[in-house]
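One file, entry.cif, carrying mmCIF, C-alpha atoms:
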```cif
data_entry
loop_
_atom_site.group_PDB
_atom_site.id
_atom_site.type_symbol
_atom_site.label_atom_id
_atom_site.label_comp_id
_atom_site.auth_asym_id
_atom_site.auth_seq_id
_atom_site.Cartn_x
_atom_site.Cartn_y
_atom_site.Cartn_z
ATOM 1 C CA MET A 1 107.414 18.284 90.967
ATOM 2 C CA THR A 2 106.502 21.401 92.849
ATOM 3 C CA GLY A 3 103.345 21.410 94.908
ATOM 4 C CA PRO A 4 100.928 24.309 95.096
ATOM 5 C CA ARG A 5 102.443 27.309 96.786
ATOM 6 C CA ARG A 6 100.692 29.243 99.468
ATOM 7 C CA GLU A 7 102.268 32.594 99.524
ATOM 8 C CA ARG A 8 100.212 35.454 100.764
ATOM 9 C CA ALA A 9 102.734 38.147 100.199
ATOM 10 C CA LEU A 10 104.253 39.241 96.978
ATOM 11 C CA VAL A 11 107.352 40.265 98.851
ATOM 12 C CA ARG A 12 109.370 37.449 100.373
ATOM 13 C CA PRO A 13 110.077 37.591 104.112
ATOM 14 C CA HIS A 14 113.817 38.114 103.716
ATOM 15 C CA VAL A 15 113.135 41.219 101.639
ATOM 16 C CA VAL A 16 110.921 42.611 104.382
ATOM 17 C CA THR A 17 113.691 42.149 106.926
ATOM 18 C CA GLY A 18 116.482 43.404 104.683
ATOM 19 C CA GLY A 19 117.920 39.916 104.340
ATOM 20 C CA ARG A 20 118.220 39.235 108.063
ATOM 21 C CA ALA A 21 116.964 36.125 109.736
ATOM 22 C CA HIS A 22 117.624 37.268 113.286
ATOM 23 C CA PRO A 23 116.518 40.332 115.230
ATOM 24 C CA SER A 24 119.031 42.959 116.360
ATOM 25 C CA ARG A 25 118.150 42.184 119.937
ATOM 26 C CA ASN A 26 117.075 38.983 121.507
ATOM 27 C CA THR A 27 114.526 40.184 123.988
ATOM 28 C CA PHE A 28 111.304 39.252 122.275
ATOM 29 C CA ASP A 29 109.120 36.432 123.301
ATOM 30 C CA VAL A 30 105.841 35.604 121.549
ATOM 31 C CA VAL A 31 104.041 37.114 124.536
ATOM 32 C CA THR A 32 106.176 40.228 124.939
ATOM 33 C CA VAL A 33 103.778 43.190 124.939
ATOM 34 C CA VAL A 34 104.644 45.987 122.511
ATOM 35 C CA MET A 35 103.333 49.525 122.093
ATOM 36 C CA ALA A 36 103.928 52.364 119.649
ATOM 37 C CA THR A 37 105.505 55.479 121.097
ATOM 38 C CA ARG A 38 105.780 57.686 118.025
ATOM 39 C CA GLU A 39 103.350 59.006 115.497
ATOM 40 C CA ASN A 40 106.024 59.834 112.968
ATOM 41 C CA VAL A 41 106.604 57.011 110.517
ATOM 42 C CA ALA A 42 108.691 58.968 108.018
ATOM 43 C CA GLY A 43 111.510 56.954 106.547
ATOM 44 C CA LEU A 44 110.071 53.579 107.532
ATOM 45 C CA THR A 45 109.589 50.707 105.097
ATOM 46 C CA PRO A 46 106.005 49.828 104.113
ATOM 47 C CA GLU A 47 106.015 46.783 106.418
ATOM 48 C CA LYS A 48 107.181 48.849 109.359
ATOM 49 C CA ARG A 49 104.527 51.458 108.606
ATOM 50 C CA ARG A 50 101.873 48.742 108.644
ATOM 51 C CA LEU A 51 103.229 47.528 111.939
ATOM 52 C CA MET A 52 103.197 51.031 113.427
ATOM 53 C CA GLU A 53 99.667 51.601 112.173
ATOM 54 C CA LEU A 54 98.537 48.448 113.962
ATOM 55 C CA CYS A 55 100.433 49.197 117.166
ATOM 56 C CA ARG A 56 99.213 52.782 117.415
ATOM 57 C CA GLY A 57 95.787 51.413 118.331
ATOM 58 C CA GLY A 58 97.000 49.901 121.606
ATOM 59 C CA ALA A 59 99.147 47.260 123.228
ATOM 60 C CA LEU A 60 99.505 43.811 121.669
ATOM 61 C CA SER A 61 101.707 40.767 122.098
ATOM 62 C CA VAL A 62 104.341 39.910 119.489
ATOM 63 C CA ALA A 63 102.275 36.905 118.411
ATOM 64 C CA GLU A 64 99.200 39.077 117.883
ATOM 65 C CA VAL A 65 101.162 41.590 115.820
ATOM 66 C CA ALA A 66 102.442 38.726 113.642
ATOM 67 C CA ALA A 67 98.969 37.264 113.179
ATOM 68 C CA HIS A 68 97.269 40.589 112.374
ATOM 69 C CA LEU A 69 99.933 41.427 109.804
ATOM 70 C CA SER A 70 100.072 37.856 108.419
ATOM 71 C CA LEU A 71 103.820 37.751 108.950
ATOM 72 C CA PRO A 72 105.838 34.897 110.443
ATOM 73 C CA ILE A 73 106.777 35.459 114.087
ATOM 74 C CA SER A 74 110.486 35.424 113.240
ATOM 75 C CA VAL A 75 110.063 38.236 110.696
ATOM 76 C CA THR A 76 107.903 40.225 113.095
ATOM 77 C CA LYS A 77 110.631 40.016 115.735
ATOM 78 C CA VAL A 78 113.199 41.426 113.299
ATOM 79 C CA LEU A 79 110.925 44.354 112.425
ATOM 80 C CA LEU A 80 110.035 45.027 116.044
ATOM 81 C CA SER A 81 113.605 45.033 117.237
ATOM 82 C CA ASP A 82 114.528 47.595 114.569
ATOM 83 C CA LEU A 83 111.611 49.725 115.704
ATOM 84 C CA VAL A 84 112.710 49.474 119.323
ATOM 85 C CA ASP A 85 116.214 50.519 118.255
ATOM 86 C CA SER A 86 114.789 53.535 116.426
ATOM 87 C CA GLY A 87 112.535 54.496 119.332
ATOM 88 C CA HIS A 88 109.204 53.790 117.626
ATOM 89 C CA ILE A 89 108.195 50.870 119.804
ATOM 90 C CA VAL A 90 108.533 50.127 123.500
ATOM 91 C CA THR A 91 108.065 46.767 125.156
ATOM 92 C CA HIS A 92 106.776 45.618 128.469
ATOM 93 C CA ALA A 93 109.091 42.912 129.557
ATOM 94 C CA ALA A 94 107.354 39.584 129.417
ATOM 95 C CA VAL A 95 107.692 37.442 132.512
ATOM 96 C CA PRO A 96 111.249 37.402 133.791
ATOM 97 C CA TYR A 97 112.404 33.925 133.013
ATOM 98 C CA THR A 98 113.909 31.945 135.804
ATOM 99 C CA THR A 99 114.196 28.241 136.230
ATOM 100 C CA ARG A 100 111.605 28.332 138.951
ATOM 101 C CA PRO A 101 108.270 29.956 138.265
ATOM 102 C CA ASP A 102 107.058 32.660 140.553
ATOM 103 C CA ILE A 103 104.563 31.444 143.169
ATOM 104 C CA LYS A 104 102.723 34.753 143.324
ATOM 105 C CA LEU A 105 102.329 34.754 139.554
ATOM 106 C CA LEU A 106 100.946 31.196 139.508
ATOM 107 C CA LYS A 107 98.510 32.129 142.294
ATOM 108 C CA ASP A 108 97.348 35.138 140.291
ATOM 109 C CA VAL A 109 96.800 32.958 137.227
ATOM 110 C CA LEU A 110 94.872 30.434 139.289
ATOM 111 C CA ASP A 111 92.691 33.127 140.888
ATOM 112 C CA GLY A 112 92.043 34.666 137.491
ATOM 113 C CA LEU A 113 90.933 31.342 136.036
ATOM 114 C CA ARG A 114 88.721 30.513 139.038
ATOM 115 C CA ALA A 115 87.044 33.891 138.746
ATOM 116 C CA ARG A 116 85.886 32.937 135.241
ATOM 117 C CA LEU A 117 83.801 30.002 136.429
ATOM 118 C CA MET B 1 92.341 55.773 117.484
ATOM 119 C CA GLY B 2 90.241 55.301 114.416
ATOM 120 C CA SER B 3 91.429 51.756 113.975
ATOM 121 C CA ALA B 4 88.824 49.204 113.002
ATOM 122 C CA LEU B 5 90.451 46.818 115.436
ATOM 123 C CA ALA B 6 89.972 49.021 118.485
ATOM 124 C CA SER B 7 86.224 48.558 118.645
ATOM 125 C CA ASP B 8 86.549 44.774 118.707
ATOM 126 C CA GLY B 9 88.469 44.642 121.963
ATOM 127 C CA VAL B 10 91.430 43.464 119.962
ATOM 128 C CA TYR B 11 93.930 45.432 122.004
ATOM 129 C CA LEU B 12 95.102 44.725 125.507
ATOM 130 C CA ARG B 13 94.036 46.879 128.407
ATOM 131 C CA ASP B 14 96.498 49.702 129.014
ATOM 132 C CA THR B 15 97.047 48.409 132.527
ATOM 133 C CA VAL B 16 98.388 44.992 131.469
ATOM 134 C CA ARG B 17 101.935 44.546 132.736
ATOM 135 C CA THR B 18 102.496 40.803 132.630
ATOM 136 C CA ALA B 19 101.773 38.274 129.915
ATOM 137 C CA VAL B 20 102.140 34.545 130.518
ATOM 138 C CA LYS B 21 101.587 31.559 128.272
ATOM 139 C CA LEU B 22 100.391 28.003 128.516
ATOM 140 C CA LEU B 23 100.711 25.452 125.745
ATOM 141 C CA ILE B 24 97.751 23.417 124.551
ATOM 142 C CA VAL B 25 99.241 20.401 122.858
ATOM 143 C CA GLY B 26 98.262 16.989 121.580
ATOM 144 C CA HIS B 27 98.093 14.817 118.521
ATOM 145 C CA PHE B 28 96.395 15.720 115.250
ATOM 146 C CA ALA B 29 92.665 16.481 115.496
ATOM 147 C CA VAL B 30 92.499 16.130 119.270
ATOM 148 C CA GLY B 31 90.700 19.459 119.701
ATOM 149 C CA LYS B 32 93.507 21.957 120.389
ATOM 150 C CA THR B 33 92.039 24.662 118.179
ATOM 151 C CA THR B 34 88.560 24.085 119.605
ATOM 152 C CA PHE B 35 89.907 24.336 123.142
ATOM 153 C CA VAL B 36 91.740 27.598 122.438
ATOM 154 C CA GLY B 37 88.691 29.004 120.626
ATOM 155 C CA THR B 38 86.343 28.093 123.472
ATOM 156 C CA LEU B 39 88.368 30.004 126.050
ATOM 157 C CA SER B 40 89.741 32.926 124.090
ATOM 158 C CA GLU B 41 88.235 36.373 124.586
ATOM 159 C CA ILE B 42 89.433 37.403 121.158
ATOM 160 C CA ARG B 43 88.767 35.645 117.902
ATOM 161 C CA PRO B 44 91.526 33.006 117.941
ATOM 162 C CA LEU B 45 94.456 34.028 115.805
ATOM 163 C CA ARG B 46 96.721 31.998 113.630
ATOM 164 C CA THR B 47 100.292 32.704 112.791
ATOM 165 C CA GLU B 48 102.466 30.694 110.495
ATOM 166 C CA GLU B 49 106.119 30.036 110.864
ATOM 167 C CA THR B 50 108.222 28.734 108.041
ATOM 168 C CA MET B 51 110.991 26.422 109.031
ATOM 169 C CA THR B 52 113.946 25.484 106.959
ATOM 170 C CA GLN B 53 115.556 22.266 107.965
ATOM 171 C CA ALA B 54 118.484 20.328 106.645
ATOM 172 C CA SER B 55 117.143 17.495 104.598
ATOM 173 C CA ALA B 56 117.599 14.067 106.096
ATOM 174 C CA SER B 57 118.411 12.529 102.760
ATOM 175 C CA VAL B 58 121.759 13.121 101.136
ATOM 176 C CA ASP B 59 121.730 14.674 97.732
ATOM 177 C CA ASP B 60 124.231 13.613 95.138
ATOM 178 C CA LEU B 61 124.355 17.052 93.632
ATOM 179 C CA ALA B 62 127.662 18.365 94.877
ATOM 180 C CA GLY B 63 127.437 21.775 96.513
ATOM 181 C CA VAL B 64 123.674 21.779 96.772
ATOM 182 C CA ASN B 65 122.404 21.799 100.309
ATOM 183 C CA GLY B 66 119.376 19.640 100.677
ATOM 184 C CA LYS B 67 116.851 21.781 102.469
ATOM 185 C CA SER B 68 113.151 21.578 102.902
ATOM 186 C CA THR B 69 110.748 24.108 104.266
ATOM 187 C CA THR B 70 107.726 23.345 106.370
ATOM 188 C CA THR B 71 104.998 25.709 107.392
ATOM 189 C CA VAL B 72 103.694 25.307 110.893
ATOM 190 C CA ALA B 73 100.482 26.970 111.966
ATOM 191 C CA LEU B 74 100.112 28.101 115.548
ATOM 192 C CA ASP B 75 96.653 28.927 116.821
ATOM 193 C CA PHE B 76 96.447 31.062 119.880
ATOM 194 C CA GLY B 77 93.989 32.886 122.048
ATOM 195 C CA ARG B 78 93.954 35.296 124.944
ATOM 196 C CA LEU B 79 92.339 35.545 128.377
ATOM 197 C CA THR B 80 92.641 38.704 130.441
ATOM 198 C CA LEU B 81 92.868 37.438 134.025
ATOM 199 C CA ASN B 82 92.976 40.767 135.829
ATOM 200 C CA ASP B 83 93.838 44.393 135.071
ATOM 201 C CA GLU B 84 97.548 43.632 134.923
ATOM 202 C CA LEU B 85 97.755 40.019 133.859
ATOM 203 C CA VAL B 86 96.957 38.346 130.572
ATOM 204 C CA LEU B 87 97.210 34.668 129.685
ATOM 205 C CA TYR B 88 97.898 33.415 126.176
ATOM 206 C CA LEU B 89 97.054 29.878 125.099
ATOM 207 C CA PHE B 90 99.123 28.479 122.266
ATOM 208 C CA GLY B 91 97.972 25.410 120.414
ATOM 209 C CA ALA B 92 101.098 23.679 119.167
ATOM 210 C CA PRO B 93 101.351 20.768 116.740
ATOM 211 C CA GLY B 94 102.567 17.593 118.351
ATOM 212 C CA GLN B 95 105.139 16.196 115.969
ATOM 213 C CA GLN B 96 108.789 15.765 116.717
ATOM 214 C CA ARG B 97 109.759 17.463 113.475
ATOM 215 C CA PHE B 98 108.473 20.747 114.849
ATOM 216 C CA THR B 99 110.934 20.760 117.722
ATOM 217 C CA GLN B 100 112.437 24.148 116.821
ATOM 218 C CA ILE B 101 109.044 25.846 116.887
ATOM 219 C CA TRP B 102 108.400 24.148 120.175
ATOM 220 C CA LYS B 103 111.559 25.486 121.705
ATOM 221 C CA ASP B 104 110.537 29.041 120.760
ATOM 222 C CA ILE B 105 107.025 28.690 122.065
ATOM 223 C CA ALA B 106 107.836 26.583 125.129
ATOM 224 C CA TYR B 107 110.550 28.921 126.354
ATOM 225 C CA GLY B 108 109.131 30.654 129.379
ATOM 226 C CA ALA B 109 105.795 28.828 129.222
ATOM 227 C CA LEU B 110 104.362 28.102 132.656
ATOM 228 C CA GLY B 111 103.307 24.630 131.577
ATOM 229 C CA ALA B 112 101.310 22.614 129.091
ATOM 230 C CA LEU B 113 97.963 20.903 128.883
ATOM 231 C CA VAL B 114 98.143 17.703 126.846
ATOM 232 C CA LEU B 115 94.821 16.950 125.215
ATOM 233 C CA THR B 116 94.169 13.322 124.439
ATOM 234 C CA ASP B 117 91.436 11.189 122.939
ATOM 235 C CA THR B 118 90.596 7.737 124.328
ATOM 236 C CA ARG B 119 90.473 6.347 120.783
ATOM 237 C CA ARG B 120 94.107 7.265 120.155
ATOM 238 C CA LEU B 121 95.876 7.378 123.502
ATOM 239 C CA GLU B 122 99.102 6.017 122.053
ATOM 240 C CA ASN B 123 99.365 9.109 119.825
ATOM 241 C CA SER B 124 100.031 11.211 122.932
ATOM 242 C CA PHE B 125 103.396 9.663 123.751
ATOM 243 C CA GLU B 126 105.310 11.715 121.222
ATOM 244 C CA VAL B 127 104.024 14.995 122.588
ATOM 245 C CA MET B 128 104.578 13.984 126.225
ATOM 246 C CA GLY B 129 108.116 12.944 125.313
ATOM 247 C CA LEU B 130 108.781 16.335 123.742
ATOM 248 C CA LEU B 131 107.554 18.176 126.830
ATOM 249 C CA GLU B 132 109.744 16.034 129.059
ATOM 250 C CA GLU B 133 112.763 16.719 126.850
ATOM 251 C CA LEU B 134 112.116 20.455 127.039
ATOM 252 C CA GLY B 135 111.418 20.357 130.772
ATOM 253 C CA VAL B 136 107.876 21.723 130.468
ATOM 254 C CA PRO B 137 105.579 20.468 133.248
ATOM 255 C CA TYR B 138 102.185 19.228 132.078
ATOM 256 C CA ALA B 139 98.785 17.886 132.995
ATOM 257 C CA VAL B 140 96.708 15.616 130.766
ATOM 258 C CA ALA B 141 93.100 16.293 129.810
ATOM 259 C CA VAL B 142 90.962 13.691 128.071
ATOM 260 C CA ASN B 143 88.836 15.541 125.549
ATOM 261 C CA GLU B 144 85.566 13.635 125.721
ATOM 262 C CA PHE B 145 84.401 13.183 122.161
ATOM 263 C CA ASP B 146 80.837 12.030 121.631
ATOM 264 C CA GLY B 147 80.880 8.281 121.176
ATOM 265 C CA ALA B 148 84.482 7.781 122.274
ATOM 266 C CA PRO B 149 84.954 4.898 124.703
ATOM 267 C CA THR B 150 85.274 5.720 128.394
ATOM 268 C CA PHE B 151 87.684 4.004 130.765
ATOM 269 C CA PRO B 152 88.304 4.153 134.493
ATOM 270 C CA THR B 153 90.884 6.792 135.444
ATOM 271 C CA GLU B 154 93.368 4.216 136.693
ATOM 272 C CA GLU B 155 93.296 2.341 133.395
ATOM 273 C CA LEU B 156 93.879 5.567 131.510
ATOM 274 C CA ARG B 157 96.759 6.536 133.770
ATOM 275 C CA ASP B 158 98.346 3.142 133.178
ATOM 276 C CA ALA B 159 97.804 3.316 129.432
ATOM 277 C CA LEU B 160 99.386 6.784 129.309
ATOM 278 C CA ASP B 161 102.155 5.743 131.698
ATOM 279 C CA LEU B 162 101.663 8.861 133.823
ATOM 280 C CA LEU B 163 103.694 9.749 136.891
ATOM 281 C CA ASP B 164 101.660 9.677 140.097
ATOM 282 C CA GLU B 165 101.932 13.453 140.377
ATOM 283 C CA THR B 166 100.671 14.207 136.852
ATOM 284 C CA PRO B 167 97.026 15.323 136.939
ATOM 285 C CA LEU B 168 94.573 13.571 134.626
ATOM 286 C CA VAL B 169 91.288 15.353 134.064
ATOM 287 C CA PHE B 170 88.337 15.086 131.690
ATOM 288 C CA CYS B 171 86.979 17.940 129.665
ATOM 289 C CA ASP B 172 84.820 18.896 126.737
ATOM 290 C CA ALA B 173 86.854 21.299 124.609
ATOM 291 C CA ARG B 174 83.598 22.874 123.357
ATOM 292 C CA ASP B 175 82.515 23.826 126.878
ATOM 293 C CA PRO B 176 84.035 26.930 128.531
ATOM 294 C CA GLY B 177 83.398 25.770 132.120
ATOM 295 C CA SER B 178 84.872 22.344 131.609
ATOM 296 C CA SER B 179 87.838 23.699 129.642
ATOM 297 C CA THR B 180 88.535 26.301 132.332
ATOM 298 C CA GLN B 181 88.477 23.522 134.955
ATOM 299 C CA ALA B 182 91.125 21.651 132.989
ATOM 300 C CA LEU B 183 93.379 24.732 133.003
ATOM 301 C CA ILE B 184 92.746 25.180 136.726
ATOM 302 C CA ALA B 185 93.879 21.585 137.342
ATOM 303 C CA LEU B 186 97.057 22.312 135.393
ATOM 304 C CA VAL B 187 97.882 25.587 137.169
ATOM 305 C CA ASP B 188 97.028 24.098 140.554
ATOM 306 C CA TYR B 189 99.561 21.353 139.822
ATOM 307 C CA LEU B 190 102.168 23.890 138.659
ATOM 308 C CA LEU B 191 101.696 25.830 141.882
ATOM 309 C CA THR B 192 101.950 22.728 144.066
ATOM 310 C CA ARG B 193 105.139 21.478 142.451
ATOM 311 C CA THR B 194 106.697 24.942 142.644
ATOM 312 C CA GLN B 195 105.857 25.279 146.324
ATOM 313 C CA GLU B 196 107.313 21.837 146.992
ATOM 314 C CA THR B 197 110.657 22.692 145.436
ATOM 315 C CA VAL B 198 111.131 25.971 147.318
#
```
How would this structure read if it were set down as structure tokens?
Amino acid sequence: MTGPRRERALVRPHVVTGGRAHPSRNTFDVVTVVMATRENVAGLTPEKRRLMELCRGGALSVAEVAAHLSLPISVTKVLLSDLVDSGHIVTHAAVPYTTRPDIKLLKDVLDGLRARL
Amino acid sequence: MGSALASDGVYLRDTVRTAVKLLIVGHFAVGKTTFVGTLSEIRPLRTEETMTQASASVDDLAGVNGKSTTTVALDFGRLTLNDELVLYLFGAPGQQRFTQIWKDIAYGALGALVLTDTRRLENSFEVMGLLEELGVPYAVAVNEFDGAPTFPTEELRDALDLLDETPLVFCDARDPGSSTQALIALVDYLLTRTQETV
């Protein structure tokens, strides 16, 4: 027996991404900050237009883009990487990942949290 | 830019250059979403990830791959710490079967805060085990529910089988000051252990 389905979108995620499960580049983290660089959305799919419309308002993390568009994070990454390839979106590198966290960064986080008290 | 979202402070400041993340984890109904909501400067957001996993049971139907899909909801929030730095808090479900989602979210995370409840301490072992497997450093915060039993710190540490270095703090996930203090204890610990290994 099939349980109740909870699908928000009429179009399935693999249609949105053109059948791909993985992004064309592997540089996106959930907290990578993305911004729109172009106004022109000619030739883009409806999902990409929605994404550009959202991102034109200002900078957001990948996770926020996914949540605002009600898309899974994996699908959002595929769309974003296409848009980076086509020059519509630029990213601010998230934290450079090393095995050892950066002391200055941790101090900044700590100071920022203490300042909220 | 005419967007309805702009007026809500939905977008990041233009000056933000670095985004970091901490995980808020723990067993079912321990207060992860409350904690994230208490501290977030934006209305907490939810994103869903669909996972397809090979089914554990073997199907007799030749050529049919047994697969099941699970939807995992991630709640997250945001705190702008200074003009250039923003912190994201991700509430992640604590079950082993969500390991793939964990790997994606935990990658690059500074650390994790494990929320626990004195009525169900034993339910925290699975999540602590996952963090240890993934190499994510953590602190433990007892979310003090009204009416939940209280125990001396040492008894709690023993019951949770914590390393001497692992911080154990108490918080009320509904209270911003107390929740911020719990994050401070975590980041203070992360800083100390990083300085020690230099």
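Residues in contact with Val34 in chain A at 10 Å, where only C-alpha atoms are counted and same-chain residues fewer than 3 positions away are skipped, are listed as Phe28, Val31, Thr37, Cys55, Gly58, Ala59, Leu60, Ser61, Val62, Glu64, Val65, Leu80, Val84, Ile89, Val90, Thr91, His92, Ala93 and Ala94 of chain A.
Among A:Ser86, A:Thr32, A:Thr45, A:Asn40, the residue with the shortest atom-to-atom distance to chain B, counting only C-alpha atoms, is A:Thr32.
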For the structure provided, state which residues fall under the PyMOL selection byres ((chain B) within 9 of (chain A)), and present them as a ChimeraX atom specification.
/B:1-3,5-6,10-14,16-21,45-50,76,79-82,85-88,104-105,107-108,110,176-177,180-181,183-184,187-188,190-191,194-195,197-198
Separating CA of Gly111 in chain B from CA of Ala185 in chain B, to the nearest tenth of an Å, is a gap of 11.5 Å
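Between CA of Val140 in chain B and CA of Phe170 in chain B there is a distance of 8.4 Å.
Using all atoms listed in the file for every distance, the candidate list B:Val114, B:Arg120, B:Ser179, B:Gly77 yields B:Val114 as the residue closest to Pro167 in chain B.
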When the PyMOL selection byres ((chain B and resi 113) around 10) is applied to the file above, which residues end up in the set, as a PyMOL selection string?
chain B and resi 22-26+32+89+91+111-112+114-116+128+137-141+167-168+182-183+185-187
Nearby residues (all atoms listed in the file) at most 12 Å from Pro152 in chain B, same-chain spacing under 2 positions excluded, as number ranges by chain:
B: 118, 142, 149-150, 154-159, 168-170
By how many Å are CA of Glu39 in chain A and CA of Glu41 in chain B apart?
28.7 Å
Any idea what's packed within 10 Å of Pro23 in chain A, counting all atoms listed in the file, ignoring anything in its chain fewer than 3 positions away? Could you give it as a PyMOL selection string?
chain A and resi 17+20+26-28+74-82
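The smallest atom-to-atom distance between Gly31 in chain B and any of B:Leu163, B:Cys171, B:Thr192, B:Val72, using all atoms listed in the file, is found for B:Cys171.
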Test item: axis-aligned box, all listed atoms of range 39-57 of chain A, 8 Å on each side, centre and edges in Å rounded to one decimal, as lines of an AutoDock Vina configuration file:
```
center_x = 103.6
center_y = 53.3
center_z = 111.2
size_x = 31.7
size_y = 29.1
size_z = 30.2
```
Is it possible to add N, CA and C atoms to range 28-51 of chain B and hand it back as a short mmCIF file (atom, residue, chain, number, x, y, z; two decimals), in the frame of the given file?
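Output file rebuild.cif follows:
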```cif
data_model
loop_
_atom_site.label_atom_id
_atom_site.label_comp_id
_atom_site.auth_asym_id
_atom_site.auth_seq_id
_atom_site.Cartn_x
_atom_site.Cartn_y
_atom_site.Cartn_z
N PHE B 28 97.24 15.18 116.31
CA PHE B 28 96.40 15.72 115.25
C PHE B 28 94.91 15.52 115.56
N ALA B 29 94.13 16.55 115.36
CA ALA B 29 92.66 16.48 115.50
C ALA B 29 92.16 16.09 116.89
N VAL B 30 92.92 16.47 117.91
CA VAL B 30 92.50 16.13 119.27
C VAL B 30 91.63 17.23 119.88
N GLY B 31 91.56 18.38 119.21
CA GLY B 31 90.70 19.46 119.70
C GLY B 31 91.44 20.67 120.24
N LYS B 32 92.71 20.83 119.89
CA LYS B 32 93.51 21.96 120.39
C LYS B 32 92.90 23.30 119.97
N THR B 33 92.57 23.40 118.69
CA THR B 33 92.04 24.66 118.18
C THR B 33 90.68 24.96 118.79
N THR B 34 89.87 23.92 118.96
CA THR B 34 88.56 24.08 119.60
C THR B 34 88.73 24.59 121.03
N PHE B 35 89.66 23.96 121.74
CA PHE B 35 89.91 24.34 123.14
C PHE B 35 90.30 25.80 123.24
N VAL B 36 91.26 26.21 122.43
CA VAL B 36 91.74 27.60 122.44
C VAL B 36 90.59 28.55 122.08
N GLY B 37 89.81 28.17 121.07
CA GLY B 37 88.69 29.00 120.63
C GLY B 37 87.61 29.14 121.67
N THR B 38 87.37 28.07 122.43
CA THR B 38 86.34 28.09 123.47
C THR B 38 86.69 29.09 124.57
N LEU B 39 87.97 29.18 124.91
CA LEU B 39 88.37 30.00 126.05
C LEU B 39 88.80 31.42 125.68
N SER B 40 89.17 31.63 124.45
CA SER B 40 89.74 32.93 124.09
C SER B 40 88.71 34.04 124.09
N GLU B 41 89.13 35.21 124.59
CA GLU B 41 88.24 36.37 124.59
C GLU B 41 88.32 37.11 123.25
N ILE B 42 89.34 36.83 122.49
CA ILE B 42 89.43 37.40 121.16
C ILE B 42 89.19 36.28 120.16
N ARG B 43 88.86 36.64 118.95
CA ARG B 43 88.77 35.65 117.90
C ARG B 43 90.14 34.98 117.83
N PRO B 44 90.21 33.64 117.93
CA PRO B 44 91.53 33.01 117.94
C PRO B 44 92.31 33.39 116.70
N LEU B 45 93.59 33.59 116.89
CA LEU B 45 94.46 34.03 115.80
C LEU B 45 95.35 32.89 115.37
N ARG B 46 95.82 33.01 114.15
CA ARG B 46 96.72 32.00 113.63
C ARG B 46 97.94 32.69 113.06
N THR B 47 99.09 32.19 113.40
CA THR B 47 100.29 32.70 112.79
C THR B 47 101.06 31.53 112.22
N GLU B 48 101.74 31.78 111.14
CA GLU B 48 102.47 30.69 110.50
C GLU B 48 103.95 30.95 110.55
N GLU B 49 104.67 29.92 110.81
CA GLU B 49 106.12 30.04 110.86
C GLU B 49 106.69 29.08 109.83
N THR B 50 107.60 29.59 109.03
CA THR B 50 108.22 28.73 108.04
C THR B 50 109.55 28.26 108.59
N MET B 51 109.74 26.98 108.53
CA MET B 51 110.99 26.42 109.03
C MET B 51 111.79 25.88 107.87
#
```
